[in-house]
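Visitor: Okay, here's the structure, questions in a sec.
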Amino acid sequence: PSPWPVLVSGSPQTPIGFGSYGDGTALLLNGIWLRDDHYLAFDDLGLRSPNSNCLYSSANGAGTTDITITRINAQDCHLVGVSSGQAGDSRWTLSDSVIDHSGASGVFFLGSDFTVEGNVIADSGLGEVVSWPSHGVYAKGPRPTIKDNDISLFQATGVSIRFQGSRVTGNTIDRKSVV
């Protein structure tokens, strides 16, 4: 059995929401792992993961789609802050969040139609945990929108895209770190 809870999928009309209740922000110390989940919303959560990614989808399965991630604070992620592990992932939105201190890229995705908007992404690629360059946002999937983010202190580049037609606008990209 998986050490992570198995999530069920919502629907377009009724996505399933996960967030903090009461005073303060809930802190999930082993991150969030998704596999073949759909129509989920994550809001106002603290994520840490000393051994892996903070919020990520499995490289196996058919894909995780229609995911909304708002106001999360992902810090001290051993690998990536928010990661889509396969091309079958699609329609994720990451907004108004902080991704800080990741061993590899701050945000990485292979999936399509991702939106990364209004986030603070800092200190990406701090360790030598991967053998390839680390970026603030590593967009390896088609049709991303990367907009109005504050990206700083990264190992290779602030934003790395792999497809024509990518929309990258209004980002503040500053201060390449020395690694």
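Chain identifiers are assigned as A, B, and so on, following the order in which chains appear in the structure tokens; residues are numbered from 1 within each chain, and ligands are numbered from 1 in order of appearance.
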Applying 9 Å and only C-alpha atoms, which residues near region 133-135 of chain A remain after dropping the ones on its own chain fewer than 3 positions away? List them as a list in words.

Guide: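 Near neighbours after the sequence-gap exclusion: Gly103, Ala104, Ser105, Gly106, Val107, Phe108, Ser124, Gly125, Leu126, Val130, Tyr138, Phe154, Gln155, Ala156, Thr157, Gly158, Val159 and Ser160 of chain A.
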
Visitor: Need to verify the contact set: Gly46 (chain A), 8 Å, only C-alpha atoms, exclusion of same-chain residues closer than 4 positions in sequence. Can you return it as an mmCIF file with all heavy atoms, in the first residue's frame?

Guide:
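Here's the written file result_4.cif:
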data_model
loop_
_atom_site.group_PDB
_atom_site.id
_atom_site.type_symbol
_atom_site.label_atom_id
_atom_site.label_comp_id
_atom_site.auth_asym_id
_atom_site.auth_seq_id
_atom_site.Cartn_x
_atom_site.Cartn_y
_atom_site.Cartn_z
ATOM 1 N N THR A 25 -2.284 27.798 8.984
ATOM 2 C CA THR A 25 -2.194 27.028 7.748
ATOM 3 C C THR A 25 -1.782 25.599 8.077
ATOM 4 O O THR A 25 -0.806 25.380 8.791
ATOM 5 C CB THR A 25 -1.146 27.677 6.807
ATOM 6 O OG1 THR A 25 -1.563 29.002 6.493
ATOM 7 C CG2 THR A 25 -0.975 26.888 5.530
ATOM 8 N N ALA A 26 -2.523 24.644 7.544
ATOM 9 C CA ALA A 26 -2.177 23.234 7.742
ATOM 10 C C ALA A 26 -0.847 22.950 7.050
ATOM 11 O O ALA A 26 -0.606 23.409 5.935
ATOM 12 C CB ALA A 26 -3.263 22.336 7.166
ATOM 13 N N LEU A 27 0.014 22.196 7.717
ATOM 14 C CA LEU A 27 1.328 21.860 7.183
ATOM 15 C C LEU A 27 1.389 20.358 6.906
ATOM 16 O O LEU A 27 1.221 19.546 7.820
ATOM 17 C CB LEU A 27 2.427 22.258 8.175
ATOM 18 C CG LEU A 27 3.858 21.948 7.773
ATOM 19 C CD1 LEU A 27 4.227 22.649 6.475
ATOM 20 C CD2 LEU A 27 4.809 22.355 8.899
ATOM 21 N N LEU A 28 1.640 19.999 5.650
ATOM 22 C CA LEU A 28 1.762 18.602 5.249
ATOM 23 C C LEU A 28 3.240 18.308 5.046
ATOM 24 O O LEU A 28 3.863 18.809 4.106
ATOM 25 C CB LEU A 28 0.969 18.345 3.962
ATOM 26 C CG LEU A 28 -0.515 18.734 4.029
ATOM 27 C CD1 LEU A 28 -1.187 18.532 2.687
ATOM 28 C CD2 LEU A 28 -1.227 17.947 5.115
ATOM 29 N N ILE A 72 -0.533 28.104 -1.814
ATOM 30 C CA ILE A 72 0.260 27.133 -1.064
ATOM 31 C C ILE A 72 1.622 27.741 -0.770
ATOM 32 O O ILE A 72 2.074 28.653 -1.456
ATOM 33 C CB ILE A 72 0.423 25.782 -1.792
ATOM 34 C CG1 ILE A 72 1.210 25.940 -3.091
ATOM 35 C CG2 ILE A 72 -0.912 25.104 -2.021
ATOM 36 C CD1 ILE A 72 1.812 24.652 -3.586
ATOM 37 N N ASN A 73 2.260 27.234 0.251
ATOM 38 C CA ASN A 73 3.604 27.636 0.607
ATOM 39 C C ASN A 73 4.427 26.356 0.642
ATOM 40 O O ASN A 73 4.377 25.604 1.609
ATOM 41 C CB ASN A 73 3.616 28.340 1.963
ATOM 42 C CG ASN A 73 4.971 28.887 2.313
ATOM 43 O OD1 ASN A 73 5.996 28.348 1.909
ATOM 44 N ND2 ASN A 73 4.984 29.958 3.078
ATOM 45 N N ALA A 74 5.142 26.094 -0.457
ATOM 46 C CA ALA A 74 5.967 24.889 -0.575
ATOM 47 C C ALA A 74 7.414 25.280 -0.335
ATOM 48 O O ALA A 74 7.991 26.021 -1.123
ATOM 49 C CB ALA A 74 5.792 24.253 -1.946
ATOM 50 N N GLN A 75 7.977 24.798 0.769
ATOM 51 C CA GLN A 75 9.348 25.147 1.129
ATOM 52 C C GLN A 75 10.155 23.894 1.428
ATOM 53 O O GLN A 75 9.610 22.880 1.863
ATOM 54 C CB GLN A 75 9.375 26.044 2.364
ATOM 55 C CG GLN A 75 8.826 27.409 2.123
ATOM 56 C CD GLN A 75 9.032 28.304 3.333
ATOM 57 O OE1 GLN A 75 9.255 27.845 4.438
ATOM 58 N NE2 GLN A 75 8.969 29.598 3.099
#

Visitor: For each of A:Gly24, A:Gly85, A:Pro50, A:Gly141, take the minimum atom-to-atom distance to Ala62 (chain A), counting only C-alpha atoms, then give the residue where this is smallest.

Guide: A:Gly85

Visitor: One number please: CA of Ser83 (chain A) to CA of Leu153 (chain A), in Å, one decimal.

Guide: 18.7 Å

Visitor: Quick one: residues within 8 Å of Asn53 (chain A), only C-alpha atoms counted, chain neighbours fewer than 4 positions away excluded, as a list in words?

Guide: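 So, after excluding close chain neighbours, the residues are Gly31, Ser49, Cys77, His78, Leu79, Val80, Gly81, Val82 and Ser83 of chain A.
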
Visitor: Just to confirm, what's the straight-line distance from CA of Ala59 (chain A) to CA of Arg91 (chain A) in Å (one decimal)?

Guide: 16.4 Å

Visitor: Might you pull out every residue within 7 Å of region 18-20 of chain A, with only C-alpha atoms counted and same-chain residues fewer than 2 positions away left off, and present them as a list in words?

Guide: Ile16, Gly22, Thr25, Ala26, Ala41, Phe42, Asp43, Asp44 and Leu45 of chain A

Visitor: Find the distance between CA of Asn119 (chain A) and CA of Phe163 (chain A) and write it in Å to one decimal.

Guide: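 Separating CA of Asn119 (chain A) from CA of Phe163 (chain A) is a distance of 21.7 Å.
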
Visitor: Determine which residues of chain A DSSP labels as strand (DSSP E or B) from the backbone of this structure, then write them out as a ChimeraX atom specification.

Guide: /A:16-19,26-28,32-34,38-43,45-49,55-57,65-70,73-77,82-84,90-95,98-102,107-109,112,115-117,120-124,135-139,145-147,150-154,157-161,167-169,172-174

Visitor: May I ask which of the residues A:Thr64, A:Gln164, A:Thr14, A:Thr115 is the closest one to Leu34 (chain A), counting only C-alpha atoms?

Guide: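 Using only C-alpha atoms, the shortest distance to Leu34 (chain A) belongs to A:Thr64.
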
Visitor: Between A:Ala87, A:Val116, A:Leu40, A:Val129, which has the minimum distance to Asn60 (chain A) (counting only C-alpha atoms)?

Guide: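 Nearest candidate to Asn60 (chain A) out of A:Ala87, A:Val116, A:Leu40, A:Val129: A:Ala87.
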
Visitor: Show me, as a list of chain:residue names, the residues that have an atom within 7 Å of Asp89 (chain A) when counting only C-alpha atoms, minus same-chain residues fewer than 2 positions from it.

Guide: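 With the cut-off at 7 Å, the set is A:Gly63, A:Thr64, A:Thr65, A:Ser84, A:Gln86, A:Ala87, A:Gly111, A:Ser112.
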
Visitor: Quick one: of A:Trp92, A:Val120, A:Val168, A:Asp113, who's nearest to Arg143 (chain A), counting only C-alpha atoms?

Guide: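 Among A:Trp92, A:Val120, A:Val168, A:Asp113, it is A:Asp113 that comes nearest to Arg143 (chain A).
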